[in-house]
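Q: Here you go, this is my_file.txt (compact mmCIF, C-alpha atoms and all ligand atoms).
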```
# COMPACT_ATOMS: atom_id res chain seq x y z
CA MET A 1 8.04 2.11 -24.34
CA LYS A 2 4.64 2.56 -25.92
CA VAL A 3 2.21 3.65 -23.20
CA ASN A 4 -1.47 4.25 -23.88
CA GLY A 5 -0.73 4.45 -27.58
CA ILE A 6 2.08 7.01 -27.29
CA GLU A 7 5.79 6.21 -27.68
CA ARG A 8 7.52 7.43 -24.52
CA PRO A 9 11.32 7.74 -24.50
CA LEU A 10 12.83 5.94 -21.50
CA ASP A 11 16.43 5.98 -20.34
CA VAL A 12 16.39 3.00 -17.95
CA ASP A 13 18.03 -0.42 -17.77
CA GLY A 14 16.14 -3.07 -19.70
CA ASP A 15 15.53 -5.09 -16.55
CA THR A 16 13.68 -2.21 -14.87
CA PRO A 17 10.16 -3.29 -13.93
CA VAL A 18 7.50 -1.49 -15.96
CA LEU A 19 5.89 -0.44 -12.67
CA TRP A 20 8.86 1.75 -11.76
CA ALA A 21 9.30 3.07 -15.29
CA LEU A 22 5.68 4.21 -15.19
CA ARG A 23 5.67 5.61 -11.68
CA ASP A 24 9.17 7.00 -11.18
CA VAL A 25 10.22 7.96 -14.70
CA LEU A 26 7.00 8.80 -16.50
CA GLY A 27 5.16 10.12 -13.43
CA MET A 28 2.14 7.89 -14.06
CA THR A 29 1.23 6.99 -10.51
CA GLY A 30 -2.19 5.46 -11.12
CA THR A 31 -0.58 2.01 -11.24
CA LYS A 32 0.08 0.98 -7.64
CA PHE A 33 2.83 -0.91 -5.84
CA GLY A 34 1.49 -3.47 -3.42
CA CYS A 35 3.71 -6.49 -2.97
CA GLY A 36 6.29 -6.33 -5.76
CA MET A 37 6.05 -10.11 -6.09
CA GLY A 38 3.11 -10.73 -8.39
CA LEU A 39 0.78 -11.61 -5.53
CA CYS A 40 -1.65 -8.74 -5.07
CA GLY A 41 -2.61 -7.35 -8.49
CA ALA A 42 -2.35 -3.69 -7.44
CA CYS A 43 0.10 -3.08 -10.30
CA THR A 44 -2.07 -4.61 -13.05
CA ILE A 45 -1.62 -3.08 -16.50
CA HIS A 46 -2.42 -4.43 -19.96
CA VAL A 47 0.27 -5.49 -22.41
CA ASP A 48 -1.44 -5.66 -25.81
CA GLY A 49 -4.73 -6.09 -23.97
CA ALA A 50 -3.64 -8.89 -21.63
CA PRO A 51 -3.74 -8.20 -17.89
CA THR A 52 -0.14 -8.19 -16.68
CA ARG A 53 1.70 -7.59 -13.41
CA ALA A 54 3.81 -4.46 -13.95
CA CYS A 55 5.99 -5.28 -10.92
CA LEU A 56 7.24 -8.47 -12.58
CA THR A 57 7.39 -7.28 -16.18
CA THR A 58 10.59 -5.70 -17.43
CA VAL A 59 10.74 -2.82 -19.87
CA GLU A 60 12.88 -5.01 -22.13
CA SER A 61 10.30 -7.80 -22.25
CA VAL A 62 7.52 -5.46 -23.37
CA GLY A 63 9.36 -4.55 -26.57
CA LYS A 64 7.07 -2.82 -29.03
CA ALA A 65 3.85 -3.98 -27.38
CA ASN A 66 1.37 -1.37 -26.17
CA VAL A 67 1.21 -0.89 -22.42
CA SER A 68 -2.17 0.36 -21.20
CA THR A 69 -2.55 1.83 -17.76
CA ILE A 70 -5.41 2.99 -15.57
CA GLU A 71 -4.86 6.51 -16.95
CA SER A 72 -6.32 5.28 -20.25
CA LEU A 73 -9.41 3.66 -18.74
CA ALA A 74 -11.80 6.32 -20.02
CA ALA A 75 -10.52 5.86 -23.58
CA THR A 76 -12.58 2.72 -24.11
CA ARG A 77 -16.32 2.00 -23.95
CA VAL A 78 -15.73 -0.88 -21.54
CA GLY A 79 -13.55 1.28 -19.31
CA ARG A 80 -16.15 4.07 -19.19
CA ALA A 81 -18.93 1.58 -18.35
CA LEU A 82 -16.84 0.21 -15.49
CA GLN A 83 -16.03 3.70 -14.20
CA LYS A 84 -19.74 4.55 -14.13
CA ALA A 85 -20.68 1.28 -12.44
CA TRP A 86 -17.92 1.75 -9.85
CA LEU A 87 -19.27 5.21 -9.03
CA ASP A 88 -22.94 4.22 -9.08
CA LEU A 89 -22.37 1.25 -6.75
CA ASP A 90 -19.80 2.99 -4.57
CA VAL A 91 -17.41 0.09 -5.08
CA VAL A 92 -14.30 1.76 -3.68
CA GLN A 93 -13.32 1.82 -0.04
CA CYS A 94 -9.70 3.01 0.53
CA GLY A 95 -9.08 2.76 -3.22
CA TYR A 96 -5.56 1.38 -3.15
CA CYS A 97 -6.28 -1.83 -5.04
CA GLN A 98 -8.85 -0.36 -7.39
CA SER A 99 -6.75 0.61 -10.39
CA GLY A 100 -5.57 -2.98 -10.55
CA GLN A 101 -9.12 -4.25 -10.07
CA LEU A 102 -10.39 -2.04 -12.88
CA MET A 103 -7.63 -3.10 -15.26
CA SER A 104 -8.43 -6.78 -14.65
CA ALA A 105 -12.16 -6.09 -14.98
CA THR A 106 -11.59 -4.23 -18.26
CA ALA A 107 -9.60 -7.13 -19.68
CA LEU A 108 -12.39 -9.53 -18.68
CA LEU A 109 -15.27 -7.52 -20.17
CA SER A 110 -13.31 -6.82 -23.33
CA LYS A 111 -13.35 -10.51 -24.22
CA ASN A 112 -16.40 -11.76 -22.30
CA THR A 113 -19.38 -9.42 -22.43
CA ALA A 114 -21.57 -11.44 -20.04
CA PRO A 115 -19.36 -13.17 -17.49
CA SER A 116 -20.85 -15.54 -14.92
CA ASP A 117 -20.00 -15.24 -11.22
CA GLU A 118 -17.47 -18.04 -11.65
CA GLU A 119 -15.85 -16.35 -14.64
CA ILE A 120 -15.65 -13.06 -12.73
CA ASP A 121 -14.12 -14.78 -9.71
CA ALA A 122 -11.57 -16.57 -11.91
CA ALA A 123 -10.59 -13.39 -13.78
CA MET A 124 -10.35 -11.33 -10.60
CA SER A 125 -8.74 -13.94 -8.35
CA GLY A 126 -5.28 -12.36 -8.62
CA ASN A 127 -6.49 -8.99 -7.35
CA VAL A 128 -6.47 -8.71 -3.59
CA CYS A 129 -8.55 -6.11 -1.73
CA ARG A 130 -7.68 -5.66 1.92
CA CYS A 131 -10.91 -3.71 2.39
CA GLY A 132 -12.95 -6.69 1.18
CA THR A 133 -14.86 -4.94 -1.61
CA TYR A 134 -15.17 -8.19 -3.56
CA VAL A 135 -18.98 -8.32 -3.50
CA ARG A 136 -19.27 -4.77 -4.84
CA ILE A 137 -16.57 -5.42 -7.44
CA ARG A 138 -18.53 -8.38 -8.77
CA ALA A 139 -21.74 -6.30 -8.79
CA GLY A 140 -19.91 -3.48 -10.57
CA ILE A 141 -18.68 -5.80 -13.30
CA LYS A 142 -22.21 -7.17 -13.78
CA GLU A 143 -23.69 -3.69 -13.91
CA ALA A 144 -21.12 -2.58 -16.48
CA ALA A 145 -21.84 -5.72 -18.53
CA ARG A 146 -25.56 -4.96 -18.46
CA ALA A 147 -24.99 -1.35 -19.46
CA LEU A 148 -22.75 -2.43 -22.34
CA SER A 149 -25.36 -4.90 -23.56
CA GLY A 150 -28.00 -2.17 -23.53
CA LYS A 151 -30.21 -4.11 -21.12
CA ALA A 152 -31.96 -2.29 -18.29
CA VAL A 153 -30.27 -2.59 -14.93
CA ALA A 154 -32.35 -4.67 -12.53
S1 LIG B 1 2.65 -5.06 -6.77
FE1 LIG B 1 2.57 -6.33 -8.52
S2 LIG B 1 1.32 -7.99 -7.95
FE2 LIG B 1 1.56 -6.84 -6.10
S1 LIG B 2 -10.51 -0.73 -1.61
FE1 LIG B 2 -8.99 -0.76 -0.04
S2 LIG B 2 -7.64 -2.34 -0.68
FE2 LIG B 2 -9.30 -2.52 -2.02
```
Represent the structure of the file as structure tokens.
Ligand code: FES
Ligand code: FES
A:
Amino acid sequence: MKVNGIERPLDVDGDTPVLWALRDVLGMTGTKFGCGMGLCGACTIHVDGAPTRACLTTVESVGKANVSTIESLAATRVGRALQKAWLDLDVVQCGYCQSGQLMSATALLSKNTAPSDEEIDAAMSGNVCRCGTYVRIRAGIKEAARALSGKAVA
């Protein structure tokens, strides 16, 4: 499986969920297990840039596509802007949901550089936060968008 641009040999059944291949075989534990049923978003990765639930996606189905995980967040300009905004605004509470939140936010800002509140809510609706950090997540996405556009932060 190609993970963060590197081909990683995997000796698992094809129907193994990518989540377990990442966590248990490759030791990449940044991607979290929440529900295992596609309901919480904690396991969000990108498959060729599209936000995808790793708990429901099999290794076989990924084929030659590139899987991106939270471990590669700092490799992109959008990811770095989100990391900075998350730190500046103290977005995180317990942190458990946040790798999934950041992967969904990265996918959003990579195709929409100035999302409205409604667009943010739609893009992030599959990511549940039991700590209720939704207001700060939205603010973090807006701050990252402003930083990426070069406009001063209000
Ligand atoms: S663990 Fe995949 S959506 Fe909850
Ligand atoms: S920060 Fe605790 S679940 Fe989201």
Q: Skip Asp121 (chain A) itself and residues of its chain fewer than 5 positions away, then list as an NGL selection string all residues within 12 Å of it, counting all atoms listed in the file.
A: :A and (101 or 104-105 or 108 or 115-116 or 126-128 or 134-135 or 137-139 or 141-142)
Q: Which residue out of A:Leu102, A:Ala114, A:Val62, A:Ala144 has the minimum interatomic distance to Cys43 (chain A) when all atoms listed in the file are used?
A: A:Leu102
Q: List all protein, DNA and RNA residues that have at least one atom no more than 10 Å from any atom of ligand LIG 2 (chain B), counting only C-alpha atoms and all ligand atoms, and write them as a PyMOL selection string.
A: chain A and resi 34+40+42+91-101+127-134+137
Q: Using only C-alpha atoms, pick whichever of A:Asn66, A:Thr44, A:Ser149, A:Ser125 has the shortest atom-to-atom distance to Thr106 (chain A).
A: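 Closest to Thr106 (chain A) of all the choices is A:Thr44.
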Q: May I ask which of the residues A:Asp48, A:Gly140, A:Thr57, A:Met103 is the closest one to Asp90 (chain A), counting all atoms listed in the file?
A: A:Gly140
Q: Using all atoms listed in the file, find the one residue out of A:Ala123, A:Leu73, A:Ala145, A:Leu39 that sits nearest to ligand LIG 1 (chain B).
A: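 When distances to ligand LIG 1 (chain B) are compared using all atoms listed in the file, the smallest one comes from A:Leu39.
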Q: Would you please work out which residue, of A:Gly27, A:Gly150, A:Pro17, A:Gly63, is nearest to ligand LIG 1 (chain B) when using all atoms listed in the file?
A: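 The shortest atom-to-atom distance to ligand LIG 1 (chain B) comes from A:Pro17.
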Q: Quick one: of A:Ala65, A:Cys55, A:Ala85, A:Glu118, who's nearest to Met37 (chain A), counting only C-alpha atoms?
A: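 Comparing A:Ala65, A:Cys55, A:Ala85, A:Glu118 against Met37 (chain A), the winner is A:Cys55.
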Q: At a cut-off of 8 Å, using all atoms listed in the file, what residues contact Ala107 (chain A)? Leave out same-chain residues fewer than 3 positions from it and give the result as a ChimeraX atom specification.
A: /A:46,49-51,103-104,110-111
Q: How many Å separate atom S1 of ligand LIG 1 (chain B) from CA of Lys32 (chain A)?
A: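 Taking atom S1 of ligand LIG 1 (chain B) as the start and CA of Lys32 (chain A) as the end point, the length is 6.6 Å.
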Q: Which residues are close to Val3 (chain A), i.e. within 10 Å by only C-alpha atoms, leaving aside same-chain residues fewer than 5 positions away? Reply as a list in words.
A: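 These residues fall inside the cut-off: Arg8, Leu22, Leu26, His46, Val47, Lys64, Ala65, Asn66, Val67, Ser68, Thr69, Glu71 and Ser72 of chain A.
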Q: Could you save those same residues with C-alpha atoms as a short mmCIF file (atom, residue, chain, number, x, y, z; two decimals), keeping the file's coordinate frame?
A:
```
data_model
loop_
_atom_site.label_atom_id
_atom_site.label_comp_id
_atom_site.auth_asym_id
_atom_site.auth_seq_id
_atom_site.Cartn_x
_atom_site.Cartn_y
_atom_site.Cartn_z
CA ARG A 8 7.52 7.43 -24.52
CA LEU A 22 5.68 4.21 -15.19
CA LEU A 26 7.00 8.80 -16.50
CA HIS A 46 -2.42 -4.43 -19.96
CA VAL A 47 0.27 -5.49 -22.41
CA LYS A 64 7.07 -2.82 -29.03
CA ALA A 65 3.85 -3.98 -27.38
CA ASN A 66 1.37 -1.37 -26.17
CA VAL A 67 1.21 -0.89 -22.42
CA SER A 68 -2.17 0.36 -21.20
CA THR A 69 -2.55 1.83 -17.76
CA GLU A 71 -4.86 6.51 -16.95
CA SER A 72 -6.32 5.28 -20.25
#
```
Q: Between atom S1 of ligand LIG 1 (chain B) and CA of Leu89 (chain A), what is the distance in Å, rounded to a tenth?
A: 25.8 Å
Q: So what do you get for CA of Gly5 (chain A) versus CA of Leu56 (chain A), distance-wise?
A: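 Answer for the CA of Gly5 (chain A) to CA of Leu56 (chain A) separation: 21.3 Å.
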Q: Would you mind completing region 72-106 of chain A to N, CA and C atoms and writing the output as an mmCIF file, in the frame of the given file?
A:
```
data_model
loop_
_atom_site.group_PDB
_atom_site.id
_atom_site.type_symbol
_atom_site.label_atom_id
_atom_site.label_comp_id
_atom_site.auth_asym_id
_atom_site.auth_seq_id
_atom_site.Cartn_x
_atom_site.Cartn_y
_atom_site.Cartn_z
ATOM 1 N N SER A 72 -5.628 5.336 -18.951
ATOM 2 C CA SER A 72 -6.320 5.280 -20.250
ATOM 3 C C SER A 72 -7.702 4.642 -20.127
ATOM 4 N N LEU A 73 -8.151 4.403 -18.913
ATOM 5 C CA LEU A 73 -9.410 3.660 -18.740
ATOM 6 C C LEU A 73 -10.577 4.300 -19.490
ATOM 7 N N ALA A 74 -10.655 5.629 -19.410
ATOM 8 C CA ALA A 74 -11.800 6.320 -20.020
ATOM 9 C C ALA A 74 -11.734 6.347 -21.542
ATOM 10 N N ALA A 75 -10.660 5.823 -22.118
ATOM 11 C CA ALA A 75 -10.520 5.860 -23.580
ATOM 12 C C ALA A 75 -11.335 4.770 -24.256
ATOM 13 N N THR A 76 -11.822 3.799 -23.485
ATOM 14 C CA THR A 76 -12.580 2.720 -24.110
ATOM 15 C C THR A 76 -14.006 2.682 -23.555
ATOM 16 N N ARG A 77 -14.922 2.115 -24.361
ATOM 17 C CA ARG A 77 -16.320 2.000 -23.950
ATOM 18 C C ARG A 77 -16.438 1.125 -22.704
ATOM 19 N N VAL A 78 -15.686 0.021 -22.693
ATOM 20 C CA VAL A 78 -15.730 -0.880 -21.540
ATOM 21 C C VAL A 78 -15.211 -0.163 -20.295
ATOM 22 N N GLY A 79 -14.119 0.563 -20.447
ATOM 23 C CA GLY A 79 -13.550 1.280 -19.310
ATOM 24 C C GLY A 79 -14.524 2.319 -18.756
ATOM 25 N N ARG A 80 -15.199 3.038 -19.643
ATOM 26 C CA ARG A 80 -16.150 4.070 -19.190
ATOM 27 C C ARG A 80 -17.343 3.414 -18.484
ATOM 28 N N ALA A 81 -17.797 2.280 -18.989
ATOM 29 C CA ALA A 81 -18.930 1.580 -18.350
ATOM 30 C C ALA A 81 -18.522 1.121 -16.944
ATOM 31 N N LEU A 82 -17.305 0.643 -16.815
ATOM 32 C CA LEU A 82 -16.840 0.210 -15.490
ATOM 33 C C LEU A 82 -16.689 1.410 -14.551
ATOM 34 N N GLN A 83 -16.151 2.505 -15.048
ATOM 35 C CA GLN A 83 -16.030 3.700 -14.200
ATOM 36 C C GLN A 83 -17.397 4.112 -13.657
ATOM 37 N N LYS A 84 -18.401 4.127 -14.544
ATOM 38 C CA LYS A 84 -19.740 4.550 -14.130
ATOM 39 C C LYS A 84 -20.308 3.569 -13.102
ATOM 40 N N ALA A 85 -20.165 2.281 -13.373
ATOM 41 C CA ALA A 85 -20.680 1.280 -12.440
ATOM 42 C C ALA A 85 -19.984 1.400 -11.082
ATOM 43 N N TRP A 86 -18.686 1.621 -11.115
ATOM 44 C CA TRP A 86 -17.920 1.750 -9.850
ATOM 45 C C TRP A 86 -18.447 2.937 -9.030
ATOM 46 N N LEU A 87 -18.757 4.036 -9.733
ATOM 47 C CA LEU A 87 -19.270 5.210 -9.030
ATOM 48 C C LEU A 87 -20.701 4.976 -8.554
ATOM 49 N N ASP A 88 -21.536 4.421 -9.434
ATOM 50 C CA ASP A 88 -22.940 4.220 -9.080
ATOM 51 C C ASP A 88 -23.084 3.271 -7.893
ATOM 52 N N LEU A 89 -22.248 2.256 -7.828
ATOM 53 C CA LEU A 89 -22.370 1.250 -6.750
ATOM 54 C C LEU A 89 -21.417 1.528 -5.593
ATOM 55 N N ASP A 90 -20.698 2.650 -5.684
ATOM 56 C CA ASP A 90 -19.800 2.990 -4.570
ATOM 57 C C ASP A 90 -18.880 1.824 -4.228
ATOM 58 N N VAL A 91 -18.230 1.303 -5.248
ATOM 59 C CA VAL A 91 -17.410 0.090 -5.080
ATOM 60 C C VAL A 91 -16.196 0.342 -4.170
ATOM 61 N N VAL A 92 -15.606 1.513 -4.307
ATOM 62 C CA VAL A 92 -14.300 1.760 -3.680
ATOM 63 C C VAL A 92 -14.409 1.977 -2.180
ATOM 64 N N GLN A 93 -13.446 1.430 -1.443
ATOM 65 C CA GLN A 93 -13.320 1.820 -0.040
ATOM 66 C C GLN A 93 -12.060 2.689 0.073
ATOM 67 N N CYS A 94 -10.897 2.142 0.452
ATOM 68 C CA CYS A 94 -9.700 3.010 0.530
ATOM 69 C C CYS A 94 -9.186 3.357 -0.866
ATOM 70 N N GLY A 95 -9.446 2.473 -1.834
ATOM 71 C CA GLY A 95 -9.080 2.760 -3.220
ATOM 72 C C GLY A 95 -7.758 2.188 -3.692
ATOM 73 N N TYR A 96 -6.929 1.727 -2.768
ATOM 74 C CA TYR A 96 -5.560 1.380 -3.150
ATOM 75 C C TYR A 96 -5.494 0.292 -4.220
ATOM 76 N N CYS A 97 -6.343 -0.699 -4.096
ATOM 77 C CA CYS A 97 -6.280 -1.830 -5.040
ATOM 78 C C CYS A 97 -7.049 -1.569 -6.317
ATOM 79 N N GLN A 98 -7.796 -0.454 -6.366
ATOM 80 C CA GLN A 98 -8.850 -0.360 -7.390
ATOM 81 C C GLN A 98 -8.349 -0.138 -8.807
ATOM 82 N N SER A 99 -7.197 0.495 -8.988
ATOM 83 C CA SER A 99 -6.750 0.610 -10.390
ATOM 84 C C SER A 99 -6.436 -0.769 -10.936
ATOM 85 N N GLY A 100 -5.842 -1.612 -10.114
ATOM 86 C CA GLY A 100 -5.570 -2.980 -10.550
ATOM 87 C C GLY A 100 -6.870 -3.745 -10.791
ATOM 88 N N GLN A 101 -7.832 -3.560 -9.898
ATOM 89 C CA GLN A 101 -9.120 -4.250 -10.070
ATOM 90 C C GLN A 101 -9.761 -3.831 -11.392
ATOM 91 N N LEU A 102 -9.741 -2.537 -11.660
ATOM 92 C CA LEU A 102 -10.390 -2.040 -12.880
ATOM 93 C C LEU A 102 -9.667 -2.510 -14.129
ATOM 94 N N MET A 103 -8.357 -2.622 -14.083
ATOM 95 C CA MET A 103 -7.630 -3.100 -15.260
ATOM 96 C C MET A 103 -7.945 -4.580 -15.514
ATOM 97 N N SER A 104 -8.056 -5.375 -14.455
ATOM 98 C CA SER A 104 -8.430 -6.780 -14.650
ATOM 99 C C SER A 104 -9.869 -6.883 -15.138
ATOM 100 N N ALA A 105 -10.757 -6.062 -14.562
ATOM 101 C CA ALA A 105 -12.160 -6.090 -14.980
ATOM 102 C C ALA A 105 -12.306 -5.668 -16.445
ATOM 103 N N THR A 106 -11.529 -4.681 -16.861
ATOM 104 C CA THR A 106 -11.590 -4.230 -18.260
ATOM 105 C C THR A 106 -11.146 -5.337 -19.208
#
```
